[in-house]
$ cat work.pdb   # PDB, C-alpha atoms
ATOM      1  CA  MET A1354     -23.110  54.628 124.465
ATOM      2  CA  GLY A1355     -20.307  56.531 122.757
ATOM      3  CA  ARG A1356     -20.599  59.102 125.468
ATOM      4  CA  VAL A1357     -17.750  60.907 127.117
ATOM      5  CA  LEU A1358     -17.001  59.710 130.641
ATOM      6  CA  ALA A1359     -16.901  62.235 133.470
ATOM      7  CA  ASP A1360     -13.263  61.478 134.272
ATOM      8  CA  GLN A1361     -12.288  62.290 130.686
ATOM      9  CA  ILE A1362     -13.637  65.816 130.801
ATOM     10  CA  LEU A1363     -10.995  68.520 130.826
ATOM     11  CA  PHE A1364     -11.458  72.046 132.107
ATOM     12  CA  ALA A1365      -9.181  74.816 130.840
ATOM     13  CA  GLN A1366      -6.800  76.853 132.943
ATOM     14  CA  ARG A1367      -7.998  80.339 133.819
ATOM     15  CA  GLY A1368      -6.697  82.923 131.366
ATOM     16  CA  SER A1369      -7.011  86.689 131.121
ATOM     17  CA  SER A1370     -10.354  88.378 131.757
ATOM     18  CA  ALA A1371     -10.817  88.728 128.003
ATOM     19  CA  GLU A1372     -10.185  85.020 127.490
ATOM     20  CA  VAL A1373     -12.503  84.022 130.330
ATOM     21  CA  GLU A1374     -15.296  86.371 129.239
ATOM     22  CA  GLU A1375     -15.065  86.265 125.456
ATOM     23  CA  GLY A1376     -13.457  82.901 124.755
ATOM     24  CA  ARG A1377     -14.721  79.409 124.077
ATOM     25  CA  ALA A1378     -12.535  77.673 126.666
ATOM     26  CA  PHE A1379     -14.428  76.409 129.703
ATOM     27  CA  ALA A1380     -12.343  77.481 132.693
ATOM     28  CA  PRO A1381     -14.693  77.294 135.691
ATOM     29  CA  LYS A1382     -13.683  79.356 138.695
ATOM     30  CA  PHE A1383     -14.104  77.270 141.819
ATOM     31  CA  ASP A1384     -14.069  79.115 145.140
ATOM     32  CA  ALA A1385     -11.775  78.481 148.107
ATOM     33  CA  ASP A1386     -13.873  75.412 148.966
ATOM     34  CA  GLY A1387     -13.633  74.108 145.406
ATOM     35  CA  LEU A1388     -17.239  74.967 144.566
ATOM     36  CA  LEU A1389     -19.172  76.985 142.056
ATOM     37  CA  THR A1390     -22.783  78.084 142.261
ATOM     38  CA  CYS A1391     -25.468  76.383 140.195
ATOM     39  CA  VAL A1392     -28.963  77.731 139.565
ATOM     40  CA  ALA A1393     -31.509  75.197 138.334
ATOM     41  CA  THR A1394     -34.611  76.484 136.571
ATOM     42  CA  ASP A1395     -37.556  74.563 135.197
ATOM     43  CA  ALA A1396     -37.017  74.310 131.436
ATOM     44  CA  GLY A1397     -40.731  74.730 130.841
ATOM     45  CA  SER A1398     -41.907  77.399 133.256
ATOM     46  CA  GLY A1399     -38.622  79.212 133.858
ATOM     47  CA  GLU A1400     -39.225  79.040 137.613
ATOM     48  CA  VAL A1401     -36.105  78.871 139.764
ATOM     49  CA  LEU A1402     -36.248  75.445 141.387
ATOM     50  CA  MET A1403     -33.117  75.530 143.533
ATOM     51  CA  VAL A1404     -29.664  76.973 144.058
ATOM     52  CA  ALA A1405     -26.905  74.543 144.941
ATOM     53  CA  HIS A1406     -23.185  73.992 144.498
ATOM     54  CA  MET A1407     -21.002  71.833 142.286
ATOM     55  CA  ASN A1408     -17.428  70.776 142.788
ATOM     56  CA  ALA A1409     -15.322  69.725 139.788
ATOM     57  CA  GLN A1410     -16.539  66.136 139.995
ATOM     58  CA  ALA A1411     -20.215  67.116 140.193
ATOM     59  CA  LEU A1412     -19.748  69.462 137.248
ATOM     60  CA  ALA A1413     -18.003  66.785 135.172
ATOM     61  CA  ASN A1414     -20.657  64.210 136.082
ATOM     62  CA  THR A1415     -23.423  66.604 135.076
ATOM     63  CA  ILE A1416     -21.775  67.339 131.735
ATOM     64  CA  ALA A1417     -21.090  63.682 130.996
ATOM     65  CA  THR A1418     -24.449  62.260 132.048
ATOM     66  CA  GLY A1419     -26.789  65.147 131.245
ATOM     67  CA  GLU A1420     -28.295  64.773 134.719
ATOM     68  CA  ALA A1421     -27.700  67.160 137.608
ATOM     69  CA  TRP A1422     -25.092  66.274 140.219
ATOM     70  CA  TYR A1423     -24.261  68.564 143.121
ATOM     71  CA  PHE A1424     -21.931  68.747 146.088
ATOM     72  CA  SER A1425     -23.618  68.944 149.462
ATOM     73  CA  ARG A1426     -21.878  71.440 151.710
ATOM     74  CA  SER A1427     -23.705  70.166 154.793
ATOM     75  CA  ARG A1428     -22.833  66.531 154.157
ATOM     76  CA  GLN A1429     -19.548  67.256 152.338
ATOM     77  CA  SER A1430     -20.344  64.728 149.677
ATOM     78  CA  LEU A1431     -21.108  64.339 146.022
ATOM     79  CA  TRP A1432     -24.820  64.006 145.413
ATOM     80  CA  ARG A1433     -26.769  62.905 142.375
ATOM     81  CA  LYS A1434     -30.021  64.855 142.465
ATOM     82  CA  GLY A1435     -32.821  62.341 142.869
ATOM     83  CA  GLU A1436     -30.647  59.495 144.143
ATOM     84  CA  THR A1437     -32.957  59.141 147.161
ATOM     85  CA  SER A1438     -36.186  60.636 145.878
ATOM     86  CA  GLY A1439     -36.097  59.605 142.240
ATOM     87  CA  HIS A1440     -36.615  63.280 141.446
ATOM     88  CA  VAL A1441     -33.769  63.494 138.963
ATOM     89  CA  GLN A1442     -33.111  66.567 136.852
ATOM     90  CA  ARG A1443     -32.444  66.094 133.149
ATOM     91  CA  VAL A1444     -30.351  68.995 131.920
ATOM     92  CA  VAL A1445     -31.810  70.538 128.787
ATOM     93  CA  GLU A1446     -29.179  73.273 128.621
ATOM     94  CA  MET A1447     -26.224  74.430 130.718
ATOM     95  CA  ARG A1448     -25.019  78.020 130.578
ATOM     96  CA  VAL A1449     -21.980  79.605 132.229
ATOM     97  CA  ASP A1450     -21.701  83.236 133.252
ATOM     98  CA  CYS A1451     -19.231  85.909 132.200
ATOM     99  CA  ASP A1452     -16.543  85.196 134.789
ATOM    100  CA  GLN A1453     -17.330  81.472 134.852
ATOM    101  CA  ASP A1454     -18.000  81.152 138.568
ATOM    102  CA  ALA A1455     -21.661  80.200 138.176
ATOM    103  CA  VAL A1456     -23.660  77.888 135.937
ATOM    104  CA  TRP A1457     -27.336  77.940 135.081
ATOM    105  CA  ILE A1458     -29.023  74.668 134.172
ATOM    106  CA  LYS A1459     -32.442  74.450 132.590
ATOM    107  CA  VAL A1460     -33.866  71.124 133.683
ATOM    108  CA  GLU A1461     -36.749  68.773 133.236
ATOM    109  CA  GLN A1462     -37.594  67.952 136.832
ATOM    110  CA  ALA A1463     -38.729  64.353 137.291
ATOM    111  CA  GLY A1464     -41.433  63.787 139.880
ATOM    112  CA  PRO A1465     -43.549  66.369 141.619
ATOM    113  CA  GLY A1466     -40.859  68.657 142.978
ATOM    114  CA  ALA A1467     -37.244  69.637 143.555
ATOM    115  CA  CYS A1468     -37.349  70.678 147.209
ATOM    116  CA  HIS A1469     -36.750  68.298 150.093
ATOM    117  CA  THR A1470     -39.622  70.011 151.973
ATOM    118  CA  GLY A1471     -42.083  68.644 149.408
ATOM    119  CA  ARG A1472     -42.512  71.739 147.268
ATOM    120  CA  ARG A1473     -41.955  72.051 143.559
ATOM    121  CA  SER A1474     -39.382  74.823 144.119
ATOM    122  CA  CYS A1475     -37.209  75.678 147.126
ATOM    123  CA  PHE A1476     -38.316  79.323 146.775
ATOM    124  CA  TYR A1477     -41.799  79.112 148.329
ATOM    125  CA  ARG A1478     -41.631  82.221 150.531
ATOM    126  CA  ALA A1479     -41.485  85.894 149.593
ATOM    127  CA  VAL A1480     -39.631  88.690 151.391
ATOM    128  CA  PRO A1481     -41.606  91.956 151.222
ATOM    129  CA  VAL A1482     -39.461  94.711 149.689
ATOM    130  CA  GLY A1483     -39.736  98.410 148.897
ATOM    131  CA  GLU A1484     -43.120  99.848 149.849
ATOM    132  CA  GLY A1485     -44.013  96.549 151.507
ATOM    133  CA  ALA A1486     -40.835  96.330 153.620
ATOM    134  CA  LYS A1487     -41.172  96.078 157.382
ATOM    135  CA  THR A1488     -38.617  96.639 160.118
ATOM    136  CA  SER A1489     -39.168  93.117 161.372
ATOM    137  CA  VAL A1490     -39.270  91.040 158.223
ATOM    138  CA  ARG A1491     -42.048  88.457 157.988
ATOM    139  CA  LEU A1492     -42.005  85.966 155.145
ATOM    140  CA  GLU A1493     -45.098  85.350 153.025
ATOM    141  CA  PHE A1494     -45.780  81.839 151.775
ATOM    142  CA  ARG A1495     -46.280  81.789 148.022
ATOM    143  CA  ASP A1496     -46.628  78.794 145.677
ATOM    144  CA  ALA A1497     -46.003  76.858 148.874
ATOM    145  CA  GLU A1498     -48.460  73.997 148.564
ATOM    146  CA  LYS A1499     -46.800  70.637 149.068
ATOM    147  CA  ALA A1500     -46.403  68.663 145.873
ATOM    148  CA  PHE A1501     -45.452  65.506 147.742
ATOM    149  CA  ASP A1502     -44.997  64.228 151.284
ATOM    150  CA  PRO A1503     -41.288  64.331 152.064
ATOM    151  CA  HIS A1504     -41.642  61.580 154.662
ATOM    152  CA  ASP A1505     -42.996  59.228 152.018
ATOM    153  CA  VAL A1506     -40.150  60.056 149.655
ATOM    154  CA  TYR A1507     -37.188  60.475 151.951
ATOM    155  CA  GLY A1508     -38.356  58.609 155.061
ATOM    156  CA  GLY A1509     -37.648  60.042 158.492
ATOM    157  CA  GLY A1510     -34.321  61.221 159.785
ATOM    158  CA  THR A1511     -32.127  64.008 158.600
ATOM    159  CA  LYS A1512     -32.386  66.134 155.520
ATOM    160  CA  PRO A1513     -31.253  63.794 152.764
ATOM    161  CA  GLU A1514     -30.182  66.245 150.125
ATOM    162  CA  GLY A1515     -28.750  69.721 150.022
TER     163      GLY A1515
ATOM    164  CA  MET B1359     -41.630 108.387 152.019
ATOM    165  CA  GLY B1360     -42.823 106.475 155.066
ATOM    166  CA  ARG B1361     -40.456 103.750 154.034
ATOM    167  CA  VAL B1362     -38.408 101.608 156.338
ATOM    168  CA  LEU B1363     -34.705 102.498 156.355
ATOM    169  CA  ALA B1364     -32.148  99.801 155.671
ATOM    170  CA  ASP B1365     -30.525 100.209 159.072
ATOM    171  CA  GLN B1366     -33.874  99.556 160.773
ATOM    172  CA  ILE B1367     -34.351  96.149 159.197
ATOM    173  CA  LEU B1368     -33.975  93.249 161.579
ATOM    174  CA  PHE B1369     -33.120  89.688 160.615
ATOM    175  CA  ALA B1370     -34.101  86.846 162.930
ATOM    176  CA  GLN B1371     -31.712  84.477 164.658
ATOM    177  CA  ARG B1372     -31.411  81.057 163.065
ATOM    178  CA  GLY B1373     -33.737  78.548 164.702
ATOM    179  CA  SER B1374     -34.342  74.840 164.203
ATOM    180  CA  SER B1375     -34.587  73.390 160.697
ATOM    181  CA  ALA B1376     -38.375  73.319 161.049
ATOM    182  CA  GLU B1377     -38.424  76.991 162.018
ATOM    183  CA  VAL B1378     -36.074  77.993 159.206
ATOM    184  CA  GLU B1379     -37.916  75.951 156.581
ATOM    185  CA  GLU B1380     -41.549  76.286 157.636
ATOM    186  CA  GLY B1381     -41.621  79.547 159.584
ATOM    187  CA  ARG B1382     -42.256  83.167 158.733
ATOM    188  CA  ALA B1383     -39.122  84.553 160.400
ATOM    189  CA  PHE B1384     -36.462  85.755 157.972
ATOM    190  CA  ALA B1385     -33.194  84.320 159.258
ATOM    191  CA  PRO B1386     -30.779  84.501 156.343
ATOM    192  CA  LYS B1387     -27.803  82.165 156.524
ATOM    193  CA  PHE B1388     -24.682  84.073 155.573
ATOM    194  CA  ASP B1389     -21.603  82.019 154.755
ATOM    195  CA  ALA B1390     -18.165  82.257 156.374
ATOM    196  CA  ASP B1391     -17.529  85.416 154.359
ATOM    197  CA  GLY B1392     -20.829  86.952 155.443
ATOM    198  CA  LEU B1393     -22.483  86.444 152.063
ATOM    199  CA  LEU B1394     -25.507  84.757 150.605
ATOM    200  CA  THR B1395     -26.173  83.951 146.975
ATOM    201  CA  CYS B1396     -28.607  85.998 144.919
ATOM    202  CA  VAL B1397     -30.088  84.983 141.578
ATOM    203  CA  ALA B1398     -31.613  87.792 139.538
ATOM    204  CA  THR B1399     -34.110  86.880 136.820
ATOM    205  CA  ASP B1400     -35.931  89.126 134.386
ATOM    206  CA  ALA B1401     -39.447  89.577 135.750
ATOM    207  CA  GLY B1402     -40.851  89.516 132.242
ATOM    208  CA  SER B1403     -38.973  86.789 130.388
ATOM    209  CA  GLY B1404     -37.834  84.680 133.334
ATOM    210  CA  GLU B1405     -34.291  84.660 131.929
ATOM    211  CA  VAL B1406     -31.513  84.422 134.511
ATOM    212  CA  LEU B1407     -29.672  87.735 134.242
ATOM    213  CA  MET B1408     -26.924  87.254 136.814
ATOM    214  CA  VAL B1409     -25.790  85.484 139.963
ATOM    215  CA  ALA B1410     -24.139  87.627 142.614
ATOM    216  CA  HIS B1411     -23.737  87.900 146.363
ATOM    217  CA  MET B1412     -25.242  90.012 149.110
ATOM    218  CA  ASN B1413     -23.918  90.734 152.569
ATOM    219  CA  ALA B1414     -26.304  91.807 155.329
ATOM    220  CA  GLN B1415     -26.051  95.464 154.330
ATOM    221  CA  ALA B1416     -26.727  94.774 150.651
ATOM    222  CA  LEU B1417     -29.689  92.606 151.591
ATOM    223  CA  ALA B1418     -31.115  95.261 153.915
ATOM    224  CA  ASN B1419     -30.578  97.982 151.317
ATOM    225  CA  THR B1420     -32.352  95.887 148.685
ATOM    226  CA  ILE B1421     -35.321  95.235 150.968
ATOM    227  CA  ALA B1422     -35.599  98.880 152.034
ATOM    228  CA  THR B1423     -35.161 100.493 148.631
ATOM    229  CA  GLY B1424     -36.685  97.862 146.331
ATOM    230  CA  GLU B1425     -33.590  98.124 144.130
ATOM    231  CA  ALA B1426     -30.846  95.511 143.918
ATOM    232  CA  TRP B1427     -27.676  96.004 145.948
ATOM    233  CA  TYR B1428     -24.856  93.469 145.972
ATOM    234  CA  PHE B1429     -21.488  92.897 147.587
ATOM    235  CA  SER B1430     -18.579  92.621 145.188
ATOM    236  CA  ARG B1431     -16.223  89.829 146.227
ATOM    237  CA  SER B1432     -13.511  91.036 143.857
ATOM    238  CA  ARG B1433     -13.647  94.633 145.088
ATOM    239  CA  GLN B1434     -14.777  93.749 148.635
ATOM    240  CA  SER B1435     -17.315  96.518 148.601
ATOM    241  CA  LEU B1436     -21.002  97.220 148.686
ATOM    242  CA  TRP B1437     -22.366  97.878 145.240
ATOM    243  CA  ARG B1438     -25.647  99.346 144.059
ATOM    244  CA  LYS B1439     -26.424  97.676 140.754
ATOM    245  CA  GLY B1440     -26.422 100.368 138.106
ATOM    246  CA  GLU B1441     -24.487 102.928 140.124
ATOM    247  CA  THR B1442     -22.016 103.270 137.235
ATOM    248  CA  SER B1443     -24.072 102.143 134.274
ATOM    249  CA  GLY B1444     -27.511 103.404 135.226
ATOM    250  CA  HIS B1445     -28.716  99.845 134.658
ATOM    251  CA  VAL B1446     -30.520  99.576 137.972
ATOM    252  CA  GLN B1447     -32.694  96.610 138.863
ATOM    253  CA  ARG B1448     -36.112  97.266 140.353
ATOM    254  CA  VAL B1449     -37.106  94.287 142.475
ATOM    255  CA  VAL B1450     -40.596  93.075 141.634
ATOM    256  CA  GLU B1451     -40.412  90.160 144.056
ATOM    257  CA  MET B1452     -37.847  88.620 146.394
ATOM    258  CA  ARG B1453     -38.012  84.960 147.378
ATOM    259  CA  VAL B1454     -35.888  83.031 149.857
ATOM    260  CA  ASP B1455     -35.142  79.323 149.667
ATOM    261  CA  CYS B1456     -35.855  76.535 152.127
ATOM    262  CA  ASP B1457     -32.695  76.856 154.224
ATOM    263  CA  GLN B1458     -32.496  80.618 153.683
ATOM    264  CA  ASP B1459     -28.985  80.748 152.230
ATOM    265  CA  ALA B1460     -30.078  82.033 148.812
ATOM    266  CA  VAL B1461     -32.498  84.630 147.516
ATOM    267  CA  TRP B1462     -34.122  84.938 144.122
ATOM    268  CA  ILE B1463     -35.101  88.378 142.906
ATOM    269  CA  LYS B1464     -37.350  88.987 139.930
ATOM    270  CA  VAL B1465     -36.320  92.340 138.530
ATOM    271  CA  GLU B1466     -37.187  94.935 135.967
ATOM    272  CA  GLN B1467     -33.797  95.589 134.415
ATOM    273  CA  ALA B1468     -33.280  99.231 133.459
ATOM    274  CA  GLY B1469     -31.291  99.846 130.304
ATOM    275  CA  PRO B1470     -30.273  97.329 127.678
ATOM    276  CA  GLY B1471     -28.563  94.749 129.852
ATOM    277  CA  ALA B1472     -27.308  93.440 133.180
ATOM    278  CA  CYS B1473     -23.859  92.166 132.188
ATOM    279  CA  HIS B1474     -20.733  94.295 132.294
ATOM    280  CA  THR B1475     -19.661  92.710 128.987
ATOM    281  CA  GLY B1476     -22.576  94.446 127.259
ATOM    282  CA  ARG B1477     -24.993  91.533 127.092
ATOM    283  CA  ARG B1478     -28.509  91.428 128.422
ATOM    284  CA  SER B1479     -27.641  88.416 130.632
ATOM    285  CA  CYS B1480     -24.318  87.188 132.021
ATOM    286  CA  PHE B1481     -25.197  83.684 130.788
ATOM    287  CA  TYR B1482     -24.418  84.080 127.080
ATOM    288  CA  ARG B1483     -22.499  80.835 126.554
ATOM    289  CA  ALA B1484     -23.671  77.235 126.661
ATOM    290  CA  VAL B1485     -21.755  74.186 127.867
ATOM    291  CA  PRO B1486     -22.618  71.118 125.780
ATOM    292  CA  VAL B1487     -23.864  68.287 128.017
ATOM    293  CA  GLY B1488     -24.995  64.690 127.673
ATOM    294  CA  GLU B1489     -24.920  63.469 124.081
ATOM    295  CA  GLY B1490     -23.222  66.721 123.065
ATOM    296  CA  ALA B1491     -20.478  66.537 125.691
ATOM    297  CA  LYS B1492     -16.872  66.573 124.560
ATOM    298  CA  THR B1493     -13.700  65.627 126.404
ATOM    299  CA  SER B1494     -12.294  69.089 125.828
ATOM    300  CA  VAL B1495     -15.220  71.375 126.564
ATOM    301  CA  ARG B1496     -15.836  74.199 124.085
ATOM    302  CA  LEU B1497     -18.385  76.843 124.921
ATOM    303  CA  GLU B1498     -21.051  77.854 122.407
ATOM    304  CA  PHE B1499     -22.130  81.484 122.247
ATOM    305  CA  ARG B1500     -25.902  81.806 122.599
ATOM    306  CA  ASP B1501     -28.014  84.965 122.969
ATOM    307  CA  ALA B1502     -24.608  86.627 123.012
ATOM    308  CA  GLU B1503     -25.207  89.687 120.856
ATOM    309  CA  LYS B1504     -24.079  92.855 122.579
ATOM    310  CA  ALA B1505     -26.938  95.010 123.813
ATOM    311  CA  PHE B1506     -24.651  97.948 124.544
ATOM    312  CA  ASP B1507     -21.001  98.941 124.281
ATOM    313  CA  PRO B1508     -19.459  98.480 127.717
ATOM    314  CA  HIS B1509     -16.778 101.067 126.964
ATOM    315  CA  ASP B1510     -19.451 103.682 126.396
ATOM    316  CA  VAL B1511     -21.197 102.790 129.624
ATOM    317  CA  TYR B1512     -18.360 101.960 131.989
ATOM    318  CA  GLY B1513     -15.419 103.677 130.304
ATOM    319  CA  GLY B1514     -12.068 101.910 130.074
ATOM    320  CA  GLY B1515     -10.200 100.350 132.930
ATOM    321  CA  THR B1516     -11.103  97.465 135.129
ATOM    322  CA  LYS B1517     -14.366  95.617 135.457
ATOM    323  CA  PRO B1518     -16.574  98.065 137.318
ATOM    324  CA  GLU B1519     -19.117  95.733 138.844
ATOM    325  CA  GLY B1520     -19.220  92.200 140.084
TER     326      GLY B1520
END
$ encode --input "work.pdb" --output "structure tokens"
Amino acid sequence: MGRVLADQILFAQRGSSAEVEEGRAFAPKFDADGLLTCVATDAGSGEVLMVAHMNAQALANTIATGEAWYFSRSRQSLWRKGETSGHVQRVVEMRVDCDQDAVWIKVEQAGPGACHTGRRSCFYRAVPVGEGAKTSVRLEFRDAEKAFDPHDVYGGGTKPEG
Amino acid sequence: MGRVLADQILFAQRGSSAEVEEGRAFAPKFDADGLLTCVATDAGSGEVLMVAHMNAQALANTIATGEAWYFSRSRQSLWRKGETSGHVQRVVEMRVDCDQDAVWIKVEQAGPGACHTGRRSCFYRAVPVGEGAKTSVRLEFRDAEKAFDPHDVYGGGTKPEG
């Protein structure tokens, strides 16, 4: 392989704001729970597929393997995207934001969708805003057709991922 | 105006997973700090501009006004995007994800950029992954040209937003 292993990957210590924002050292800022936010978009369409979290191990695994790993807050465990469904995400590019507390990955999504509900994206409902806002907010389904049957992919039982 | 006021907006109580995921009630899941994650993308290009947080007030303000409001974790205060810079974000569409702990807003970004460092997007550095991964991660500047001079817009002193 010749690839770097996840356990060999080193993150830098946090420096000054100038160093964090204008430097080339990767010094991710994990929150009190040891997590940073990750946004995954479809590398082709640009659509936001999901928002999830990574701990240091998930981040290192993603960098080393080029496939998305996350940390499930609900299950408190490391999670390779697609480990149950086969719907892995190949990372085409990873970006980090100015203060390095969020990453954006552009991915090639394997299979029909990213969402455990069977949709392509987790963001299949709109919230009316501005002129369309209502006192009692009602969501509007949008791009919400099911791309696959989650029972076929995940089986019954509890939510497998996320 | 005839518009709904932010203080009139009602969020629903959290129901079962089926209700949260497949229903039309908007029951945002705020974390232990009272925040949910917001991803802002450029409505035209699809580029991720920034990732920030909203508390209930920021979310209600955004829905009522159609302009992005956030909650600054560092300053612990409500923040109307563009209040200092003039770089407001008009929300073209708001989406919520399956478990309703994240929103995605597609925005028309006023002014040259969203990032307090002077870039169009906060995500102006890439992290090499997969075959390009290195043990000691070095960031690569990408789409990192300054769109404006932050000193001209924000003045000196501390980071004004975020």
$ interface_residues --input "work.pdb" --of "chain B" --to "chain A" --cutoff "7 Å" --atoms "all atoms listed in the file" --output "ChimeraX atom specification"
/B:1361-1362,1366-1369,1382-1384,1404,1409,1421-1424,1452-1456,1460,1480-1489,1491-1498
$ atom_distance --input "work.pdb" --atom1 "atom CA of Tyr1507 of chain A" --atom2 "atom CA of Asn1408 of chain A"
24.1 Å
$ atom_distance --input "work.pdb" --atom1 "atom CA of Leu1417 of chain B" --atom2 "atom CA of Phe1388 of chain B"
10.7 Å
$ atom_distance --input "work.pdb" --atom1 "atom CA of Gln1467 of chain B" --atom2 "atom CA of Phe1506 of chain B"
13.7 Å
$ resolve_selection --input "work.pdb" --expression "the PyMOL selection byres ((chain B and resi 1426-1428) around 6)" --output "list in words"
His1411, Met1412, Ala1416, Thr1420, Glu1425, Phe1429, Trp1437, Arg1438, Lys1439 and Gln1447 of chain B
$ resolve_selection --input "work.pdb" --expression "the PyMOL selection byres ((chain B and resi 1443) around 9)" --output "mmCIF file with C-alpha atoms, in the coordinates of the input"
data_model
loop_
_atom_site.group_PDB
_atom_site.id
_atom_site.type_symbol
_atom_site.label_atom_id
_atom_site.label_comp_id
_atom_site.auth_asym_id
_atom_site.auth_seq_id
_atom_site.Cartn_x
_atom_site.Cartn_y
_atom_site.Cartn_z
ATOM 1 C CA LYS B 1439 -26.424 97.676 140.754
ATOM 2 C CA GLY B 1440 -26.422 100.368 138.106
ATOM 3 C CA GLU B 1441 -24.487 102.928 140.124
ATOM 4 C CA THR B 1442 -22.016 103.270 137.235
ATOM 5 C CA GLY B 1444 -27.511 103.404 135.226
ATOM 6 C CA HIS B 1445 -28.716 99.845 134.658
ATOM 7 C CA VAL B 1446 -30.520 99.576 137.972
ATOM 8 C CA GLY B 1469 -31.291 99.846 130.304
ATOM 9 C CA HIS B 1474 -20.733 94.295 132.294
ATOM 10 C CA PRO B 1508 -19.459 98.480 127.717
ATOM 11 C CA VAL B 1511 -21.197 102.790 129.624
ATOM 12 C CA TYR B 1512 -18.360 101.960 131.989
#
$ decode --input "work.pdb" --residues "segment 1458-1463 of chain B" --atoms "all heavy atoms" --output "compact mmCIF listing (two decimals), in the first residue's frame"
# COMPACT_ATOMS: atom_id res chain seq x y z
N GLN B 1458 -33.42 16.11 12.88
CA GLN B 1458 -33.70 17.51 13.22
C GLN B 1458 -32.73 18.12 14.23
O GLN B 1458 -33.12 18.93 15.07
CB GLN B 1458 -35.15 17.66 13.71
CG GLN B 1458 -36.18 17.19 12.67
CD GLN B 1458 -37.58 17.74 12.87
OE1 GLN B 1458 -37.75 18.83 13.41
NE2 GLN B 1458 -38.58 17.01 12.45
N ASP B 1459 -31.44 17.73 14.11
CA ASP B 1459 -30.43 18.41 14.93
C ASP B 1459 -29.47 19.24 14.08
O ASP B 1459 -28.45 19.72 14.59
CB ASP B 1459 -29.67 17.42 15.82
CG ASP B 1459 -28.80 16.47 15.03
OD1 ASP B 1459 -28.86 16.47 13.78
OD2 ASP B 1459 -28.05 15.70 15.67
N ALA B 1460 -29.80 19.42 12.81
CA ALA B 1460 -28.97 20.26 11.94
C ALA B 1460 -29.87 20.88 10.87
O ALA B 1460 -30.83 20.26 10.42
CB ALA B 1460 -27.87 19.43 11.27
N VAL B 1461 -29.54 22.11 10.50
CA VAL B 1461 -30.24 22.74 9.38
C VAL B 1461 -29.21 23.14 8.33
O VAL B 1461 -28.04 23.36 8.62
CB VAL B 1461 -31.07 23.99 9.82
CG1 VAL B 1461 -32.23 23.57 10.72
CG2 VAL B 1461 -30.21 25.05 10.47
N TRP B 1462 -29.70 23.17 7.12
CA TRP B 1462 -28.90 23.58 5.96
C TRP B 1462 -29.60 24.77 5.36
O TRP B 1462 -30.78 24.68 5.02
CB TRP B 1462 -28.81 22.41 4.98
CG TRP B 1462 -28.33 22.73 3.59
CD1 TRP B 1462 -27.57 23.79 3.19
CD2 TRP B 1462 -28.59 21.96 2.40
NE1 TRP B 1462 -27.33 23.72 1.83
CE2 TRP B 1462 -27.95 22.62 1.32
CE3 TRP B 1462 -29.29 20.78 2.14
CZ2 TRP B 1462 -27.99 22.13 0.01
CZ3 TRP B 1462 -29.34 20.31 0.84
CH2 TRP B 1462 -28.69 20.96 -0.21
N ILE B 1463 -28.92 25.89 5.25
CA ILE B 1463 -29.50 27.05 4.59
C ILE B 1463 -28.73 27.34 3.30
O ILE B 1463 -27.51 27.36 3.28
CB ILE B 1463 -29.57 28.30 5.49
CG1 ILE B 1463 -28.22 28.66 6.11
CG2 ILE B 1463 -30.62 28.12 6.60
CD1 ILE B 1463 -28.24 29.97 6.92
